[in-house]
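Structure file query_39.pdb (PDB, C-alpha atoms) follows.
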```pdb
ATOM      1  CA  MET Y  15     109.459 100.777 150.320
ATOM      2  CA  SER Y  16     108.430 100.200 146.818
ATOM      3  CA  THR Y  17     104.847  99.178 146.405
ATOM      4  CA  ARG Y  18     103.249  96.890 143.911
ATOM      5  CA  ASP Y  19      99.732  96.612 142.587
ATOM      6  CA  TYR Y  20      97.737  93.589 143.636
ATOM      7  CA  GLU Y  21      94.425  92.018 142.935
ATOM      8  CA  ALA Y  22      92.954  89.865 145.668
ATOM      9  CA  MET Y  23      89.818  87.789 145.793
ATOM     10  CA  PHE Y  24      88.390  86.428 149.004
ATOM     11  CA  ILE Y  25      85.694  83.807 149.482
ATOM     12  CA  LEU Y  26      83.752  84.797 152.576
ATOM     13  CA  ASN Y  27      81.538  82.609 154.674
ATOM     14  CA  HIS Y  28      78.146  82.838 153.032
ATOM     15  CA  ALA Y  29      76.121  82.859 156.235
ATOM     16  CA  ALA Y  30      78.197  85.650 157.756
ATOM     17  CA  ALA Y  31      78.204  87.677 154.542
ATOM     18  CA  THR Y  32      74.461  87.473 154.004
ATOM     19  CA  ALA Y  33      73.871  88.469 157.628
ATOM     20  CA  ASP Y  34      76.024  91.581 157.380
ATOM     21  CA  PHE Y  35      78.209  91.983 154.319
ATOM     22  CA  GLU Y  36      79.738  95.304 155.349
ATOM     23  CA  GLU Y  37      81.035  93.891 158.579
ATOM     24  CA  THR Y  38      82.555  90.758 157.064
ATOM     25  CA  ALA Y  39      84.143  92.830 154.315
ATOM     26  CA  ALA Y  40      85.539  95.110 156.986
ATOM     27  CA  ILE Y  41      87.397  92.136 158.473
ATOM     28  CA  VAL Y  42      89.264  91.744 155.217
ATOM     29  CA  ASP Y  43      89.908  95.467 154.908
ATOM     30  CA  GLN Y  44      91.321  95.590 158.427
ATOM     31  CA  ILE Y  45      93.754  92.778 157.697
ATOM     32  CA  LEU Y  46      94.908  94.464 154.497
ATOM     33  CA  GLU Y  47      95.358  97.832 156.152
ATOM     34  CA  LYS Y  48      97.148  96.273 159.103
ATOM     35  CA  HIS Y  49      99.913  95.252 156.723
ATOM     36  CA  GLY Y  50     100.237  98.670 155.197
ATOM     37  CA  ALA Y  51      98.112  98.174 152.095
ATOM     38  CA  THR Y  52      96.197 101.031 150.546
ATOM     39  CA  ILE Y  53      92.953  99.742 149.093
ATOM     40  CA  VAL Y  54      92.173 101.293 145.733
ATOM     41  CA  GLN Y  55      88.986  99.505 144.898
ATOM     42  CA  LYS Y  56      86.754  96.946 146.565
ATOM     43  CA  GLU Y  57      83.547  95.338 145.516
ATOM     44  CA  LYS Y  58      81.256  92.444 146.211
ATOM     45  CA  TRP Y  59      81.995  90.338 143.173
ATOM     46  CA  ASP Y  60      79.375  87.639 143.367
ATOM     47  CA  GLU Y  61      77.451  85.208 145.477
ATOM     48  CA  ARG Y  62      77.767  81.779 144.023
ATOM     49  CA  LYS Y  63      77.621  78.102 144.637
ATOM     50  CA  LEU Y  64      81.142  76.787 145.007
ATOM     51  CA  ALA Y  65      82.360  74.249 142.460
ATOM     52  CA  TYR Y  66      83.385  72.064 145.375
ATOM     53  CA  GLU Y  67      83.079  72.176 149.142
ATOM     54  CA  ILE Y  68      85.507  74.364 151.051
ATOM     55  CA  LYS Y  69      85.610  73.884 154.808
ATOM     56  CA  GLY Y  70      82.210  72.222 154.649
ATOM     57  CA  GLN Y  71      80.638  75.192 152.848
ATOM     58  CA  ARG Y  72      78.730  74.832 149.587
ATOM     59  CA  ARG Y  73      78.117  78.529 148.921
ATOM     60  CA  GLY Y  74      80.370  81.521 149.176
ATOM     61  CA  THR Y  75      80.389  85.282 148.811
ATOM     62  CA  TYR Y  76      83.201  86.580 146.639
ATOM     63  CA  TYR Y  77      84.871  89.808 147.620
ATOM     64  CA  LEU Y  78      87.246  91.417 145.134
ATOM     65  CA  THR Y  79      89.823  94.031 146.121
ATOM     66  CA  TYR Y  80      92.572  95.924 144.392
ATOM     67  CA  PHE Y  81      95.303  97.366 146.549
ATOM     68  CA  GLN Y  82      98.870  98.610 146.631
ATOM     69  CA  ALA Y  83     101.266  97.107 149.113
ATOM     70  CA  ASP Y  84     104.863  96.333 149.820
ATOM     71  CA  PRO Y  85     105.754  92.908 148.378
ATOM     72  CA  SER Y  86     107.402  91.838 151.631
ATOM     73  CA  ALA Y  87     104.145  92.385 153.523
ATOM     74  CA  ILE Y  88     102.194  89.904 151.431
ATOM     75  CA  VAL Y  89     103.530  86.790 153.156
ATOM     76  CA  ALA Y  90     102.517  87.937 156.621
ATOM     77  CA  MET Y  91      99.190  89.071 155.244
ATOM     78  CA  ASN Y  92      98.518  85.644 153.730
ATOM     79  CA  GLU Y  93      99.151  84.015 157.086
ATOM     80  CA  ASP Y  94      96.770  86.397 158.815
ATOM     81  CA  VAL Y  95      94.067  85.765 156.242
ATOM     82  CA  GLN Y  96      94.445  82.020 156.558
ATOM     83  CA  LEU Y  97      93.975  82.194 160.314
ATOM     84  CA  ASN Y  98      90.670  83.970 159.938
ATOM     85  CA  GLU Y  99      87.698  81.620 159.902
ATOM     86  CA  THR Y 100      85.183  83.759 158.033
ATOM     87  CA  ILE Y 101      87.498  83.796 155.014
ATOM     88  CA  LEU Y 102      87.261  80.420 153.364
ATOM     89  CA  ARG Y 103      89.924  81.019 150.769
ATOM     90  CA  HIS Y 104      91.809  83.844 149.121
ATOM     91  CA  LEU Y 105      94.015  84.475 146.135
ATOM     92  CA  VAL Y 106      96.422  87.389 145.777
ATOM     93  CA  ILE Y 107      97.765  88.179 142.330
ATOM     94  CA  ALA Y 108     100.462  90.708 141.485
ATOM     95  CA  LEU Y 109      99.426  92.839 138.518
ATOM     96  CA  ASP Y 110     101.702  93.825 135.684
ATOM     97  CA  LEU Y 111      99.772  96.974 134.918
ATOM     98  CA  PRO Y 112      98.616  99.809 137.169
ATOM     99  CA  ILE Y 113      95.296  99.009 138.796
ATOM    100  CA  ALA Y 114      93.103 101.454 136.898
ATOM    101  CA  GLU Y 115      94.542 100.326 133.589
ATOM    102  CA  HIS Y 116      94.175  96.675 134.497
ATOM    103  CA  ILE Y 117      90.521  97.059 135.431
ATOM    104  CA  GLU Y 118      89.779  98.926 132.225
ATOM    105  CA  ASN Y 119      91.604  96.359 130.113
ATOM    106  CA  THR Y 120      89.893  93.370 131.654
ATOM    107  CA  ALA Y 121      86.494  94.970 131.201
ATOM    108  CA  ASN Y 122      87.233  95.733 127.552
ATOM    109  CA  GLU Y 123      88.624  92.302 126.859
ATOM    110  CA  ARG Y 124      85.729  90.567 128.482
ATOM    111  CA  GLU Y 125      83.440  92.507 126.170
ATOM    112  CA  LEU Y 126      85.556  91.516 123.181
ATOM    113  CA  MET Y 127      85.352  87.863 124.151
ATOM    114  CA  ALA Y 128      81.602  88.064 124.588
ATOM    115  CA  GLU Y 129      81.209  89.761 121.229
ATOM    116  CA  ASP Y 130      83.383  87.150 119.552
ATOM    117  CA  SER Y 131      81.442  84.261 121.014
ATOM    118  CA  ARG Y 132      78.208  85.919 119.923
ATOM    119  CA  LYS Y 133      79.472  86.326 116.371
ATOM    120  CA  ASN Y 134      80.998  82.908 116.003
ATOM    121  CA  SER Y 135      78.522  80.827 117.921
ATOM    122  CA  LEU Y 136      77.262  77.996 115.769
ATOM    123  CA  GLY Y 137      73.774  78.950 116.858
ATOM    124  CA  GLY Y 138      70.737  76.756 116.581
ATOM    125  CA  TRP Y 139      67.666  77.778 114.720
ATOM    126  CA  GLY Y 140      67.333  80.975 116.696
ATOM    127  CA  GLY Y 141      68.197  84.590 116.024
ATOM    128  CA  GLY Y 142      71.907  84.047 116.618
ATOM    129  CA  ARG Y 143      72.269  82.107 113.422
ATOM    130  CA  ARG Y 144      70.587  84.738 111.325
ATOM    131  CA  GLU Y 145      72.877  87.411 112.751
ATOM    132  CA  ARG Y 146      75.904  85.374 111.813
ATOM    133  CA  ARG Y 147      74.792  84.674 108.261
ATOM    134  CA  GLY Y 148      73.943  88.228 107.282
ATOM    135  CA  PRO Y 149      77.440  89.750 107.145
ATOM    136  CA  SER Y 150      79.148  86.553 105.976
ATOM    137  CA  ARG Y 151      76.923  86.336 102.921
ATOM    138  CA  ASP Y 152      77.721  89.925 102.014
ATOM    139  CA  GLY Y 153      81.400  89.187 102.416
ATOM    140  CA  ASP Y 154      81.147  86.209 100.087
ATOM    141  CA  ASP Y 155      79.448  88.215  97.405
ATOM    142  CA  ASP Y 156      82.035  90.950  97.618
ATOM    143  CA  GLY Y 157      85.002  88.636  97.519
ATOM    144  CA  VAL Y 158      83.920  85.945  95.111
ATOM    145  CA  GLY Y 159      81.707  85.858  92.047
ATOM    146  CA  GLY Y 160      79.319  83.629  93.922
ATOM    147  CA  ASP Y 161      78.308  80.002  93.825
ATOM    148  CA  GLY Y 162      75.163  78.469  92.416
ATOM    149  CA  ALA Y 163      72.736  79.192  95.200
ATOM    150  CA  SER Y 164      73.251  82.839  96.057
ATOM    151  CA  ALA Y 165      74.265  84.174  92.635
ATOM    152  CA  PRO Y 166      70.858  84.214  90.906
ATOM    153  CA  ALA Y 167      69.083  85.717  93.886
ATOM    154  CA  ARG Y 168      71.473  88.613  94.287
ATOM    155  CA  PRO Y 169      71.187  90.296  90.839
ATOM    156  CA  ALA Y 170      67.388  90.336  91.098
ATOM    157  CA  VAL Y 171      67.575  92.315  94.320
ATOM    158  CA  VAL Y 172      70.259  94.645  93.043
ATOM    159  CA  ALA Y 173      68.435  95.240  89.787
ATOM    160  CA  ALA Y 174      65.076  95.879  91.424
ATOM    161  CA  PRO Y 175      65.505  99.601  92.167
ATOM    162  CA  ALA Y 176      66.982 100.198  88.701
ATOM    163  CA  LYS Y 177      64.087  98.508  86.946
ATOM    164  CA  THR Y 178      61.245 100.236  88.736
ATOM    165  CA  PRO Y 179      61.466 103.524  86.830
ATOM    166  CA  ALA Y 180      61.174 101.522  83.601
ATOM    167  CA  LYS Y 181      57.467 100.863  84.073
ATOM    168  CA  THR Y 182      57.773  97.487  85.864
ATOM    169  CA  PRO Y 183      55.102  97.075  88.540
ATOM    170  CA  ALA Y 184      56.383  97.708  92.042
ATOM    171  CA  LYS Y 185      55.146  94.502  93.557
ATOM    172  CA  THR Y 186      56.965  91.895  91.510
ATOM    173  CA  PRO Y 187      60.567  92.662  92.484
ATOM    174  CA  ALA Y 188      59.678  92.843  96.125
ATOM    175  CA  ASP Y 189      57.813  89.529  95.919
ATOM    176  CA  SER Y 190      60.570  87.765  94.048
ATOM    177  CA  SER Y 191      63.176  88.948  96.498
ATOM    178  CA  ALA Y 192      60.998  87.774  99.364
ATOM    179  CA  GLU Y 193      60.590  84.358  97.777
ATOM    180  CA  ALA Y 194      64.228  83.975  96.895
ATOM    181  CA  LYS Y 195      65.557  85.022 100.288
ATOM    182  CA  PRO Y 196      63.234  84.302 103.151
ATOM    183  CA  ALA Y 197      66.220  84.360 105.537
ATOM    184  CA  GLU Y 198      67.088  87.943 104.649
ATOM    185  CA  THR Y 199      66.972  90.317 107.577
ATOM    186  CA  PRO Y 200      63.783  92.377 107.766
ATOM    187  CA  ALA Y 201      65.784  95.591 107.757
ATOM    188  CA  ASP Y 202      66.493  95.221 104.044
ATOM    189  CA  ALA Y 203      63.011  94.193 102.991
ATOM    190  CA  PRO Y 204      61.059  97.288 104.057
ATOM    191  CA  ALA Y 205      63.592  99.577 102.442
ATOM    192  CA  GLU Y 206      63.314  97.699  99.164
ATOM    193  CA  ALA Y 207      59.546  97.569  99.371
ATOM    194  CA  ALA Y 208      59.309 101.250 100.177
ATOM    195  CA  ALA Y 209      61.651 102.412  97.439
ATOM    196  CA  PRO Y 210      59.812 100.814  94.495
ATOM    197  CA  ALA Y 211      56.473 101.929  95.903
ATOM    198  CA  ALA Y 212      57.711 105.510  96.081
ATOM    199  CA  ALA Y 213      59.177 105.210  92.605
ATOM    200  CA  ASP Y 214      55.904 103.840  91.302
ATOM    201  CA  ALA Y 215      53.955 106.650  92.929
ATOM    202  CA  THR Y 216      56.178 109.254  91.307
ATOM    203  CA  THR Y 217      55.856 107.610  87.897
ATOM    204  CA  THR Y 218      52.078 107.558  88.149
ATOM    205  CA  ASP Y 219      52.121 111.187  89.221
ATOM    206  CA  THR Y 220      54.244 112.176  86.251
ATOM    207  CA  ALA Y 221      51.985 110.131  83.970
ATOM    208  CA  ALA Y 222      48.956 111.950  85.345
ATOM    209  CA  THR Y 223      50.564 115.358  84.859
ATOM    210  CA  GLU Y 224      51.557 114.478  81.332
TER     211      GLU Y 224
ATOM    212  CA  MET E  16      87.167  79.547  83.233
ATOM    213  CA  ALA E  17      86.440  76.423  85.133
ATOM    214  CA  SER E  18      89.815  76.513  86.840
ATOM    215  CA  ASN E  19      89.254  80.099  87.820
ATOM    216  CA  THR E  20      86.020  79.346  89.632
ATOM    217  CA  LYS E  21      87.687  76.321  91.195
ATOM    218  CA  ILE E  22      90.416  78.487  92.648
ATOM    219  CA  LYS E  23      87.868  80.965  93.883
ATOM    220  CA  ASN E  24      85.854  78.257  95.558
ATOM    221  CA  LEU E  25      88.976  76.854  97.186
ATOM    222  CA  ARG E  26      89.999  80.251  98.463
ATOM    223  CA  LYS E  27      86.557  80.762  99.899
ATOM    224  CA  LEU E  28      86.673  77.367 101.559
ATOM    225  CA  LEU E  29      90.094  78.103 103.009
ATOM    226  CA  LYS E  30      88.936  81.440 104.326
ATOM    227  CA  LYS E  31      85.985  79.836 106.005
ATOM    228  CA  ARG E  32      88.158  77.125 107.469
ATOM    229  CA  THR E  33      90.681  79.516 108.951
ATOM    230  CA  GLU E  34      87.875  81.569 110.370
ATOM    231  CA  ARG E  35      86.472  78.483 112.009
ATOM    232  CA  THR E  36      89.639  76.964 113.396
ATOM    233  CA  LYS E  37      91.332  80.128 114.507
ATOM    234  CA  CYS E  38      91.967  80.609 118.167
ATOM    235  CA  ARG E  39      89.101  82.490 119.779
ATOM    236  CA  PHE E  40      91.451  84.675 121.785
ATOM    237  CA  THR E  41      93.368  85.671 118.686
ATOM    238  CA  ARG E  42      90.106  86.339 116.922
ATOM    239  CA  ALA E  43      88.895  88.594 119.707
ATOM    240  CA  ARG E  44      92.275  90.369 119.768
ATOM    241  CA  VAL E  45      92.673  90.023 123.477
ATOM    242  CA  PHE E  46      95.974  90.410 125.329
ATOM    243  CA  ALA E  47      95.245  88.594 128.533
ATOM    244  CA  ILE E  48      92.785  85.974 129.711
ATOM    245  CA  ASP E  49      90.846  86.965 132.801
ATOM    246  CA  TRP E  50      90.564  84.134 135.304
ATOM    247  CA  LYS E  51      87.289  85.611 136.573
ATOM    248  CA  ASP E  52      85.638  85.307 133.175
ATOM    249  CA  ILE E  53      83.999  81.965 133.838
ATOM    250  CA  GLY E  54      81.881  81.982 130.693
ATOM    251  CA  THR E  55      84.854  81.769 128.350
ATOM    252  CA  LEU E  56      86.824  79.440 130.612
ATOM    253  CA  GLN E  57      83.961  76.981 130.727
ATOM    254  CA  LYS E  58      84.054  76.688 126.959
ATOM    255  CA  MET E  59      87.662  75.556 127.125
ATOM    256  CA  VAL E  60      86.933  72.851 129.666
ATOM    257  CA  SER E  61      85.115  69.534 129.326
ATOM    258  CA  GLN E  62      82.132  68.363 131.373
ATOM    259  CA  GLN E  63      84.557  66.615 133.658
ATOM    260  CA  GLY E  64      86.482  69.816 134.197
ATOM    261  CA  LYS E  65      89.485  68.834 132.102
ATOM    262  CA  MET E  66      90.964  71.392 129.768
ATOM    263  CA  TYR E  67      90.540  70.697 126.081
ATOM    264  CA  GLY E  68      93.721  70.338 124.074
ATOM    265  CA  ALA E  69      94.923  73.233 121.945
ATOM    266  CA  LYS E  70      94.517  71.045 118.879
ATOM    267  CA  ARG E  71      90.836  70.606 119.512
ATOM    268  CA  THR E  72      89.956  74.204 120.336
ATOM    269  CA  GLY E  73      92.434  75.715 117.888
ATOM    270  CA  THR E  74      93.917  77.862 120.613
ATOM    271  CA  VAL E  75      97.267  79.408 119.788
ATOM    272  CA  SER E  76     100.009  78.095 122.068
ATOM    273  CA  HIS E  77     100.662  81.532 123.528
ATOM    274  CA  PHE E  78      97.076  81.703 124.730
ATOM    275  CA  GLN E  79      96.935  78.063 125.704
ATOM    276  CA  ARG E  80      99.653  78.817 128.249
ATOM    277  CA  LYS E  81      97.755  81.813 129.547
ATOM    278  CA  LEU E  82      94.587  79.789 129.617
ATOM    279  CA  LYS E  83      96.278  77.152 131.742
ATOM    280  CA  ILE E  84      97.060  79.729 134.396
ATOM    281  CA  ALA E  85      93.564  81.198 134.234
ATOM    282  CA  VAL E  86      91.885  77.806 134.603
ATOM    283  CA  LYS E  87      94.085  76.873 137.532
ATOM    284  CA  ARG E  88      93.287  80.110 139.316
ATOM    285  CA  ALA E  89      89.591  79.651 138.669
ATOM    286  CA  ARG E  90      89.786  76.116 140.041
ATOM    287  CA  PHE E  91      91.518  77.268 143.167
ATOM    288  CA  MET E  92      88.769  79.805 143.816
ATOM    289  CA  ALA E  93      86.080  77.154 143.257
ATOM    290  CA  LEU E  94      84.801  78.854 140.124
ATOM    291  CA  LEU E  95      85.565  75.723 138.117
ATOM    292  CA  PRO E  96      85.700  72.159 139.406
ATOM    293  CA  TYR E  97      88.931  70.218 139.716
ATOM    294  CA  VAL E  98      86.991  67.053 139.016
ATOM    295  CA  GLY E  99      83.701  66.773 137.123
ATOM    296  CA  ARG E 100      80.297  66.705 138.663
TER     297      ARG E 100
END
```

Exercise: express the given structure as structure tokens:
Amino acid sequence: MSTRDYEAMFILNHAAATADFEETAAIVDQILEKHGATIVQKEKWDERKLAYEIKGQRRGTYYLTYFQADPSAIVAMNEDVQLNETILRHLVIALDLPIAEHIENTANERELMAEDSRKNSLGGWGGGRRERRGPSRDGDDDGVGGDGASAPARPAVVAAPAKTPAKTPAKTPADSSAEAKPAETPADAPAEAAAPAAADATTTDTAATE
Amino acid sequence: MASNTKIKNLRKLLKKRTERTKCRFTRARVFAIDWKDIGTLQKMVSQQGKMYGAKRTGTVSHFQRKLKIAVKRARFMALLPYVGR
């Protein structure tokens, strides 16, 4: 009696599930337990429109379960599930990993995929594009000397804090940086603007004291 | 001097290109493809519901095989269509 870990998804009749989800889910649970399965986790996964009609139904309620059972019991269980009319369709998958680990992994990996698509989306004119360009531009400047467009703009910004103590007015570097790089993220701009202003204030103070 | 910048530009271009064409699953450093993750699966499938070739999406063959299984499971559970809409 060795058990294996399984993941099973059931599509329940939408009308029955919306009327009383607990009861329709209990039908599934009963079938699983009848065949000696111990249910580890169960959840209502989603309510969605089906990609195609199943048994004349256009919508379905998805019920996701994780359980441990004897592999030999699965065949009989499948037959039982197929005979039931409130279950439109089901899919049982044997897991390679223990259930808890599997759930954690899938959650993590889904997040990774979402993050990747966010980073690498080609974007339109919206905020996504700006997010993507920020780090890549930094990377270019670090790696390579720079091409024609970005090279002149960068030294001005870098030099700005260094120049300010040497009596240059605070406004000009900030303005030039703003003109040169309108696409720059706002996070940088206030910091730059604030730093020269503070520097200028200190210089004026020292001048006054002198 | 000129050749040096040329090489640099080429390297930069190459880097960009590999970043662009690399398999998204390799990029995300994922080990398995979840068949319930419809958002990512839909990106690997055409409007008609056909899977895009690995050449087009840049998917590494290892993941293309996993993707095949994931798409088929999703189709069976009516998460993705067998035939377009």

Inset, instruction - Provide as JSON, numbers by chain the residues of chain Y at most 9 Å from chain E, counting only C-alpha atoms. - result: {"Y": [23, 24, 25, 62, 63, 64, 65, 66, 67, 68, 103, 104, 105, 119, 120, 122, 123, 124, 126, 127, 128, 129, 130, 131, 134, 154, 157, 158, 159, 160, 161]}

Inset, instruction - Kindly resolve the PyMOL selection byres ((chain E and resi 71-74) around 7) on the present coordinates and return the residues as a PyMOL selection string. - result: chain E and resi 36-39+67-70+75-76+78-79

Legend entry - Picked residues, the PyMOL selection byres ((chain Y and resi 95) around 12), as JSON, numbers by chain: {"Y": [22, 23, 24, 25, 26, 41, 42, 43, 44, 45, 46, 48, 49, 88, 89, 90, 91, 92, 93, 94, 96, 97, 98, 99, 100, 101, 102, 103, 104, 105, 106]}

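Relative to CA of Glu118 in chain Y, CA of Val60 in chain E is found at 26.4 Å.
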
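Nearest to Glu115 in chain Y of all the residues Y:Thr32, Y:Gly70, Y:Tyr80, Y:Gly50 is Y:Tyr80, based on all atoms listed in the file.
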
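Atom to atom, CA of Asp84 in chain Y and CA of Ser16 in chain Y stand 6.1 Å apart.
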
Inset, instruction - Name all residues at most 12 Å from Phe35 in chain Y (count all atoms listed in the file; drop same-chain ones fewer than 4 positions away) and give them as a list in words. - result: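 In the requested format, the answer is Leu26, Asn27, His28, Ala29, Ala30, Ala31, Ala39, Ala40, Ile41, Val42, Glu57, Lys58, Trp59, Asp60, Glu61, Gly74, Thr75, Tyr76, Tyr77 and Thr100 of chain Y.
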
Legend entry - Distance of CA of Glu36 in chain Y from CA of Glu21 in chain Y, expressed in Å to one decimal place: 19.5 Å

Inset, instruction - Identify, on the basis of all atoms listed in the file, every residue whose closest approach to Gln82 in chain Y does not exceed 7 Å; exclude the query and any residue fewer than 6 positions from it along the same chain; express the result as a list of chain:residue names. - result: Y:Thr17, Y:Arg18, Y:Asp19, Y:Tyr20, Y:Ala51, Y:Thr52, Y:Ile53
